[in-house]
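The data block below is structure_36.pdb; it holds PDB, C-alpha atoms.
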```
MODEL        1
ATOM      1  CA  MET A   1     -78.404  -3.972  -6.232
ATOM      2  CA  ARG A   2     -76.057  -5.570  -8.760
ATOM      3  CA  ALA A   3     -76.176  -2.428 -10.910
ATOM      4  CA  SER A   4     -75.313  -0.247  -7.896
ATOM      5  CA  LEU A   5     -72.394  -2.492  -6.971
ATOM      6  CA  PHE A   6     -71.144  -2.455 -10.570
ATOM      7  CA  PHE A   7     -71.174   1.342 -10.835
ATOM      8  CA  ALA A   8     -69.555   1.693  -7.405
ATOM      9  CA  PHE A   9     -66.797  -0.704  -8.454
ATOM     10  CA  PHE A  10     -66.334   1.027 -11.827
ATOM     11  CA  PHE A  11     -66.088   4.482 -10.230
ATOM     12  CA  SER A  12     -63.612   3.343  -7.559
ATOM     13  CA  ALA A  13     -61.545   1.472 -10.158
ATOM     14  CA  ARG A  14     -61.346   4.580 -12.290
ATOM     15  CA  LEU A  15     -60.167   6.712  -9.377
ATOM     16  CA  ALA A  16     -57.619   4.053  -8.428
ATOM     17  CA  ALA A  17     -56.323   3.875 -11.980
ATOM     18  CA  GLN A  18     -55.827   7.617 -12.111
ATOM     19  CA  ALA A  19     -54.128   7.594  -8.717
ATOM     20  CA  GLN A  20     -51.688   4.968  -9.972
ATOM     21  CA  VAL A  21     -50.138   7.362 -12.456
ATOM     22  CA  SER A  22     -46.632   8.064 -11.148
ATOM     23  CA  LEU A  23     -45.416  11.000 -13.174
ATOM     24  CA  ASN A  24     -41.677  10.571 -13.537
ATOM     25  CA  LEU A  25     -39.401  12.018 -16.172
ATOM     26  CA  ARG A  26     -36.487  10.077 -17.516
ATOM     27  CA  GLY A  27     -33.253  11.984 -17.646
ATOM     28  CA  PRO A  28     -30.080  12.843 -15.769
ATOM     29  CA  GLU A  29     -30.289  12.834 -11.983
ATOM     30  CA  GLY A  30     -28.206  15.123  -9.837
ATOM     31  CA  ALA A  31     -26.458  16.541 -12.901
ATOM     32  CA  GLU A  32     -25.137  20.042 -13.480
ATOM     33  CA  GLY A  33     -27.701  22.390 -14.942
ATOM     34  CA  SER A  34     -29.527  25.666 -14.537
ATOM     35  CA  TYR A  35     -33.071  26.936 -14.152
ATOM     36  CA  VAL A  36     -35.091  30.130 -14.526
ATOM     37  CA  LEU A  37     -37.712  31.091 -11.954
ATOM     38  CA  PHE A  38     -41.135  32.337 -12.989
ATOM     39  CA  ASN A  39     -40.813  35.388 -10.702
ATOM     40  CA  ASP A  40     -37.222  36.148 -11.771
ATOM     41  CA  PRO A  41     -37.118  35.531 -15.545
ATOM     42  CA  GLN A  42     -33.919  37.507 -16.193
ATOM     43  CA  VAL A  43     -31.674  35.320 -14.026
ATOM     44  CA  ARG A  44     -30.483  31.767 -14.729
ATOM     45  CA  HIS A  45     -29.562  29.911 -11.533
ATOM     46  CA  PRO A  46     -26.907  27.137 -11.622
ATOM     47  CA  GLY A  47     -26.924  23.966  -9.522
ATOM     48  CA  LEU A  48     -27.046  20.197  -9.387
ATOM     49  CA  LEU A  49     -30.525  19.267 -10.576
ATOM     50  CA  LYS A  50     -32.769  16.224 -10.448
ATOM     51  CA  VAL A  51     -36.062  16.596 -12.274
ATOM     52  CA  SER A  52     -39.304  14.645 -12.173
ATOM     53  CA  ALA A  53     -42.654  15.663 -13.580
ATOM     54  CA  ARG A  54     -43.834  17.254 -10.336
ATOM     55  CA  GLN A  55     -40.676  18.607  -8.755
ATOM     56  CA  LEU A  56     -37.177  19.896  -9.321
ATOM     57  CA  LEU A  57     -34.607  18.996  -6.657
ATOM     58  CA  VAL A  58     -31.819  21.559  -6.468
ATOM     59  CA  LYS A  59     -28.434  21.658  -4.764
ATOM     60  CA  ASP A  60     -27.098  25.177  -5.244
ATOM     61  CA  PRO A  61     -23.408  26.190  -5.450
ATOM     62  CA  ASN A  62     -23.424  26.816  -1.679
ATOM     63  CA  GLY A  63     -24.545  23.266  -0.947
ATOM     64  CA  GLN A  64     -28.097  24.237   0.008
ATOM     65  CA  LYS A  65     -30.800  21.739  -1.014
ATOM     66  CA  PHE A  66     -34.388  22.666  -1.802
ATOM     67  CA  THR A  67     -37.338  21.687  -3.984
ATOM     68  CA  LEU A  68     -39.097  23.723  -6.659
ATOM     69  CA  ARG A  69     -42.492  22.997  -8.219
ATOM     70  CA  PRO A  70     -43.427  23.379 -11.901
ATOM     71  CA  GLY A  71     -45.448  26.489 -11.145
ATOM     72  CA  GLU A  72     -42.304  28.198  -9.839
ATOM     73  CA  VAL A  73     -40.012  27.425 -12.774
ATOM     74  CA  THR A  74     -40.165  28.747 -16.330
ATOM     75  CA  SER A  75     -37.478  26.519 -17.850
ATOM     76  CA  LEU A  76     -34.437  24.448 -16.977
ATOM     77  CA  ARG A  77     -31.473  22.748 -18.608
ATOM     78  CA  ILE A  78     -29.590  19.617 -17.654
ATOM     79  CA  GLY A  79     -26.669  18.953 -19.962
ATOM     80  CA  GLN A  80     -27.990  19.099 -23.514
ATOM     81  CA  GLN A  81     -31.583  18.513 -22.431
ATOM     82  CA  ARG A  82     -34.083  21.345 -22.081
ATOM     83  CA  TYR A  83     -37.242  21.254 -19.998
ATOM     84  CA  THR A  84     -40.307  23.441 -19.667
ATOM     85  CA  THR A  85     -43.779  23.032 -18.178
ATOM     86  CA  ALA A  86     -47.062  21.947 -19.737
ATOM     87  CA  GLN A  87     -50.615  21.229 -18.631
ATOM     88  CA  GLY A  88     -54.076  20.424 -19.931
ATOM     89  CA  PHE A  89     -53.137  17.281 -21.867
ATOM     90  CA  GLU A  90     -54.451  13.736 -21.542
ATOM     91  CA  VAL A  91     -52.422  10.590 -20.979
ATOM     92  CA  ARG A  92     -53.756   7.060 -21.100
ATOM     93  CA  ASN A  93     -53.467   4.939 -17.982
ATOM     94  CA  GLY A  94     -54.579   1.431 -18.859
ATOM     95  CA  LEU A  95     -58.236   1.635 -19.886
ATOM     96  CA  PHE A  96     -58.688   5.192 -18.633
ATOM     97  CA  ASN A  97     -57.576   8.667 -19.659
ATOM     98  CA  HIS A  98     -55.949  10.964 -17.126
ATOM     99  CA  LEU A  99     -56.181  14.739 -17.629
ATOM    100  CA  GLU A 100     -53.043  16.497 -16.400
ATOM    101  CA  GLU A 101     -54.647  19.700 -15.172
ATOM    102  CA  ASP A 102     -51.686  21.038 -13.180
ATOM    103  CA  LYS A 103     -48.325  22.085 -14.595
ATOM    104  CA  VAL A 104     -45.715  19.356 -14.904
ATOM    105  CA  PHE A 105     -42.154  19.335 -16.192
ATOM    106  CA  VAL A 106     -41.717  18.040 -19.739
ATOM    107  CA  GLU A 107     -38.721  17.809 -22.038
ATOM    108  CA  LEU A 108     -38.609  20.430 -24.791
ATOM    109  CA  LEU A 109     -37.494  18.760 -28.022
ATOM    110  CA  ASP A 110     -38.099  21.623 -30.456
ATOM    111  CA  SER A 111     -39.711  25.046 -30.282
ATOM    112  CA  GLY A 112     -41.003  27.753 -32.567
ATOM    113  CA  ARG A 113     -44.458  28.121 -34.035
ATOM    114  CA  VAL A 114     -45.163  24.686 -32.591
ATOM    115  CA  SER A 115     -43.299  23.190 -29.630
ATOM    116  CA  LEU A 116     -42.685  19.455 -29.485
ATOM    117  CA  LEU A 117     -42.594  18.115 -25.924
ATOM    118  CA  ARG A 118     -41.842  14.701 -24.459
ATOM    119  CA  TYR A 119     -43.496  13.458 -21.299
ATOM    120  CA  THR A 120     -42.661  10.145 -19.647
ATOM    121  CA  SER A 121     -45.060   8.516 -17.219
ATOM    122  CA  ARG A 122     -44.709   5.411 -15.090
ATOM    123  CA  ILE A 123     -47.922   3.519 -14.423
ATOM    124  CA  ARG A 124     -48.741   0.629 -12.151
ATOM    125  CA  THR A 125     -49.809  -2.366 -14.230
ATOM    126  CA  GLY A 126     -50.647  -4.966 -11.605
ATOM    127  CA  GLN A 127     -51.847  -5.524  -8.068
ATOM    128  CA  LEU A 128     -48.367  -6.607  -6.953
ATOM    129  CA  GLY A 129     -46.830  -3.216  -7.629
ATOM    130  CA  THR A 130     -45.394  -3.961 -11.066
ATOM    131  CA  ALA A 131     -45.048  -0.898 -13.262
ATOM    132  CA  SER A 132     -44.157   0.073 -16.798
ATOM    133  CA  ASP A 133     -43.063   3.257 -18.549
ATOM    134  CA  PHE A 134     -44.553   4.919 -21.567
ATOM    135  CA  THR A 135     -43.752   8.111 -23.423
ATOM    136  CA  ALA A 136     -46.217  10.684 -24.712
ATOM    137  CA  TYR A 137     -45.240  13.279 -27.307
ATOM    138  CA  LEU A 138     -47.096  16.571 -26.917
ATOM    139  CA  VAL A 139     -47.508  19.651 -29.085
ATOM    140  CA  ARG A 140     -48.161  23.218 -28.005
ATOM    141  CA  GLU A 141     -48.778  26.113 -30.341
ATOM    142  CA  GLY A 142     -47.141  29.482 -29.672
ATOM    143  CA  ALA A 143     -47.236  30.629 -26.049
ATOM    144  CA  GLN A 144     -50.360  28.666 -25.147
ATOM    145  CA  PRO A 145     -50.168  27.141 -21.632
ATOM    146  CA  THR A 146     -52.018  23.969 -22.605
ATOM    147  CA  ALA A 147     -50.572  21.145 -24.665
ATOM    148  CA  THR A 148     -52.179  18.408 -26.747
ATOM    149  CA  THR A 149     -51.141  14.777 -26.834
ATOM    150  CA  LEU A 150     -49.827  13.985 -30.289
ATOM    151  CA  TYR A 151     -48.754  10.387 -29.887
ATOM    152  CA  THR A 152     -48.356   7.892 -27.050
ATOM    153  CA  ASP A 153     -45.646   5.294 -27.506
ATOM    154  CA  LYS A 154     -47.205   2.147 -26.091
ATOM    155  CA  GLY A 155     -44.791  -0.239 -27.769
ATOM    156  CA  SER A 156     -47.154  -0.896 -30.700
ATOM    157  CA  TYR A 157     -46.113   1.739 -33.199
ATOM    158  CA  LEU A 158     -47.307  -0.098 -36.311
ATOM    159  CA  LYS A 159     -50.774  -0.463 -34.818
ATOM    160  CA  ASN A 160     -50.956   3.259 -34.025
ATOM    161  CA  TYR A 161     -49.152   4.582 -37.097
ATOM    162  CA  GLN A 162     -52.266   5.872 -38.845
ATOM    163  CA  GLU A 163     -53.228   7.809 -35.716
ATOM    164  CA  LEU A 164     -49.838   9.557 -35.650
ATOM    165  CA  ASN A 165     -49.910  10.235 -39.380
ATOM    166  CA  ALA A 166     -53.352  11.851 -39.130
ATOM    167  CA  ALA A 167     -52.324  13.934 -36.106
ATOM    168  CA  LEU A 168     -49.322  15.410 -37.958
ATOM    169  CA  ARG A 169     -51.183  16.463 -41.103
ATOM    170  CA  PRO A 170     -52.833  19.651 -39.757
ATOM    171  CA  TYR A 171     -49.421  21.041 -38.777
ATOM    172  CA  ALA A 172     -48.033  20.396 -42.259
ATOM    173  CA  ALA A 173     -51.045  21.761 -44.140
ATOM    174  CA  ASP A 174     -48.972  24.550 -45.760
ATOM    175  CA  ARG A 175     -45.901  22.373 -46.333
ATOM    176  CA  PRO A 176     -46.362  20.160 -49.421
ATOM    177  CA  ASP A 177     -42.905  18.652 -48.901
ATOM    178  CA  LEU A 178     -43.834  17.430 -45.424
ATOM    179  CA  LEU A 179     -47.222  16.171 -46.585
ATOM    180  CA  LYS A 180     -45.416  14.178 -49.240
ATOM    181  CA  LEU A 181     -43.310  12.543 -46.534
ATOM    182  CA  LEU A 182     -46.441  11.660 -44.596
ATOM    183  CA  ASP A 183     -47.992  10.164 -47.713
ATOM    184  CA  ALA A 184     -44.888   8.016 -48.105
ATOM    185  CA  ASN A 185     -45.064   6.888 -44.453
ATOM    186  CA  ARG A 186     -41.625   8.298 -43.729
ATOM    187  CA  VAL A 187     -42.362  10.066 -40.441
ATOM    188  CA  GLY A 188     -42.420   7.896 -37.338
ATOM    189  CA  PRO A 189     -41.817   8.589 -33.639
ATOM    190  CA  THR A 190     -38.034   8.661 -34.108
ATOM    191  CA  GLN A 191     -38.386  11.388 -36.763
ATOM    192  CA  LEU A 192     -40.730  13.664 -34.806
ATOM    193  CA  THR A 193     -38.019  16.080 -33.651
ATOM    194  CA  ARG A 194     -36.677  16.338 -37.193
ATOM    195  CA  PHE A 195     -40.200  16.863 -38.561
ATOM    196  CA  PHE A 196     -41.039  19.736 -36.185
ATOM    197  CA  HIS A 197     -37.604  21.307 -36.585
ATOM    198  CA  ALA A 198     -38.208  21.439 -40.342
ATOM    199  CA  LEU A 199     -41.659  22.881 -39.695
ATOM    200  CA  ASN A 200     -40.436  25.570 -37.282
ATOM    201  CA  THR A 201     -37.402  26.634 -39.286
ATOM    202  CA  HIS A 202     -38.988  26.389 -42.762
ATOM    203  CA  ALA A 203     -36.116  24.054 -43.653
ATOM    204  CA  ALA A 204     -36.047  20.774 -45.540
ATOM    205  CA  PHE A 205     -36.751  17.582 -43.611
TER     206      PHE A 205
ENDMDL
END
```
Represent the structure contained in this file as structure tokens.
Amino acid sequence: MRASLFFAFFFSARLAAQAQVSLNLRGPEGAEGSYVLFNDPQVRHPGLLKVSARQLLVKDPNGQKFTLRPGEVTSLRIGQQRYTTAQGFEVRNGLFNHLEEDKVFVELLDSGRVSLLRYTSRIRTGQLGTASDFTAYLVREGAQPTATTLYTDKGSYLKNYQELNAALRPYAADRPDLLKLLDANRVGPTQLTRFFHALNTHAAF
């Protein structure tokens, strides 16, 4: 009986933890931007945009308001920030991993042979409704629809540095200059965009 109760509690706790993931993107809200629809890839539509991971709120030049989902949008821009969609990656929610099976909006930091993406999630951390944010950096090779979690910024970078360093090495396998930087511990989360830009453009770090 105790074993049955334990497994029932564990299973329900896991489902609750996954349900507590509130997938919100940081970024401008209601700012001028433009977007490209999946079914109309040749046209860029202007408007006032507010983006979250699961929806894009649009106010078009005629004042009409409507909502678009990640599956309907190929890309969007808000100011200097670029966004695209990604799926198939895991994010950690407390003690559990959550697989993001459906498309969500993510920020596109650099693109080329390997795209670097940034995904921000807000998770509930307590029974009283308290919540905290964390950022996951994702990578996606070529035109693949699925992304892979490269690094999750949980506020303990030094503790997770070796994990990030090891994750970057396969991408720099044919770049001795970048491997040398990794050996010298010179690539951290704040240098990720610079690292992948050097990788994609065959330029110096």
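Closest approach to Thr190 (chain A) among A:Tyr35, A:Gly30, A:Glu90, A:Leu164 is made by A:Leu164 (distances from only C-alpha atoms).
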Pick from A:Phe89, A:Tyr83, A:Phe205, A:Phe38: nearest to Asp110 (chain A), with all atoms listed in the file counted?
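When distances to Asp110 (chain A) are compared using all atoms listed in the file, the smallest one comes from A:Tyr83.
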For a cutoff of 6 Å around the file-coordinate point (-41.5, 21.6, -21.3), which residues qualify once you count all atoms listed in the file? I'd like the result as a ChimeraX atom specification.
/A:83-86,105-108,117
Name every residue that the PyMOL selection byres ((chain A and resi 74) around 6) selects in this structure, writing the answer as a list in words with chains first and numbers rising.
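Against this file, the PyMOL selection byres ((chain A and resi 74) around 6) returns the residues Val36, Leu37, Phe38, Val73 and Ser75 of chain A.
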Write the residues of the selection above to a file with C-alpha atoms, as a compact mmCIF listing (two decimals), in the frame of the given file.
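part_26.txt written:
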```txt
# COMPACT_ATOMS: atom_id res chain seq x y z
CA VAL A 36 -35.09 30.13 -14.53
CA LEU A 37 -37.71 31.09 -11.95
CA PHE A 38 -41.14 32.34 -12.99
CA VAL A 73 -40.01 27.42 -12.77
CA SER A 75 -37.48 26.52 -17.85
```
Would you list the contacts of Phe195 (chain A) as number ranges by chain, taking every protein, DNA or RNA residue within 12 Å and counting all atoms listed in the file, but skipping same-chain residues closer than 3 positions in sequence?
A: 109-111, 114-116, 165, 168-169, 171-172, 175, 177-179, 181-182, 186-192, 198-205
Next, dump the selected residues to file, keeping only C-alpha atoms, as an mmCIF file, in the frame of the given file.
```cif
data_model
loop_
_atom_site.group_PDB
_atom_site.id
_atom_site.type_symbol
_atom_site.label_atom_id
_atom_site.label_comp_id
_atom_site.auth_asym_id
_atom_site.auth_seq_id
_atom_site.Cartn_x
_atom_site.Cartn_y
_atom_site.Cartn_z
ATOM 1 C CA LEU A 109 -37.494 18.760 -28.022
ATOM 2 C CA ASP A 110 -38.099 21.623 -30.456
ATOM 3 C CA SER A 111 -39.711 25.046 -30.282
ATOM 4 C CA VAL A 114 -45.163 24.686 -32.591
ATOM 5 C CA SER A 115 -43.299 23.190 -29.630
ATOM 6 C CA LEU A 116 -42.685 19.455 -29.485
ATOM 7 C CA ASN A 165 -49.910 10.235 -39.380
ATOM 8 C CA LEU A 168 -49.322 15.410 -37.958
ATOM 9 C CA ARG A 169 -51.183 16.463 -41.103
ATOM 10 C CA TYR A 171 -49.421 21.041 -38.777
ATOM 11 C CA ALA A 172 -48.033 20.396 -42.259
ATOM 12 C CA ARG A 175 -45.901 22.373 -46.333
ATOM 13 C CA ASP A 177 -42.905 18.652 -48.901
ATOM 14 C CA LEU A 178 -43.834 17.430 -45.424
ATOM 15 C CA LEU A 179 -47.222 16.171 -46.585
ATOM 16 C CA LEU A 181 -43.310 12.543 -46.534
ATOM 17 C CA LEU A 182 -46.441 11.660 -44.596
ATOM 18 C CA ARG A 186 -41.625 8.298 -43.729
ATOM 19 C CA VAL A 187 -42.362 10.066 -40.441
ATOM 20 C CA GLY A 188 -42.420 7.896 -37.338
ATOM 21 C CA PRO A 189 -41.817 8.589 -33.639
ATOM 22 C CA THR A 190 -38.034 8.661 -34.108
ATOM 23 C CA GLN A 191 -38.386 11.388 -36.763
ATOM 24 C CA LEU A 192 -40.730 13.664 -34.806
ATOM 25 C CA ALA A 198 -38.208 21.439 -40.342
ATOM 26 C CA LEU A 199 -41.659 22.881 -39.695
ATOM 27 C CA ASN A 200 -40.436 25.570 -37.282
ATOM 28 C CA THR A 201 -37.402 26.634 -39.286
ATOM 29 C CA HIS A 202 -38.988 26.389 -42.762
ATOM 30 C CA ALA A 203 -36.116 24.054 -43.653
ATOM 31 C CA ALA A 204 -36.047 20.774 -45.540
ATOM 32 C CA PHE A 205 -36.751 17.582 -43.611
#
```
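Distance-wise, CA of Glu141 (chain A) and CA of Gln80 (chain A) end up 23.0 Å apart.
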Selected residue of minimal separation from Pro41 (chain A) among A:Ala166, A:Arg77, A:Glu72, A:Asp174, counting only C-alpha atoms
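Closest to Pro41 (chain A) of all the choices is A:Glu72.
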Distance criterion (only C-alpha atoms): nearest to Gly142 (chain A) out of A:Pro170, A:Glu163, A:Gly112, A:Asn97:
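Between A:Pro170, A:Glu163, A:Gly112, A:Asn97, the residue approaching Gly142 (chain A) most closely is A:Gly112.
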Just how far from CA of Ile78 (chain A) is CA of Ser34 (chain A), in Å to one decimal?
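Going from CA of Ser34 (chain A) over to CA of Ile78 (chain A), I get 6.8 Å.
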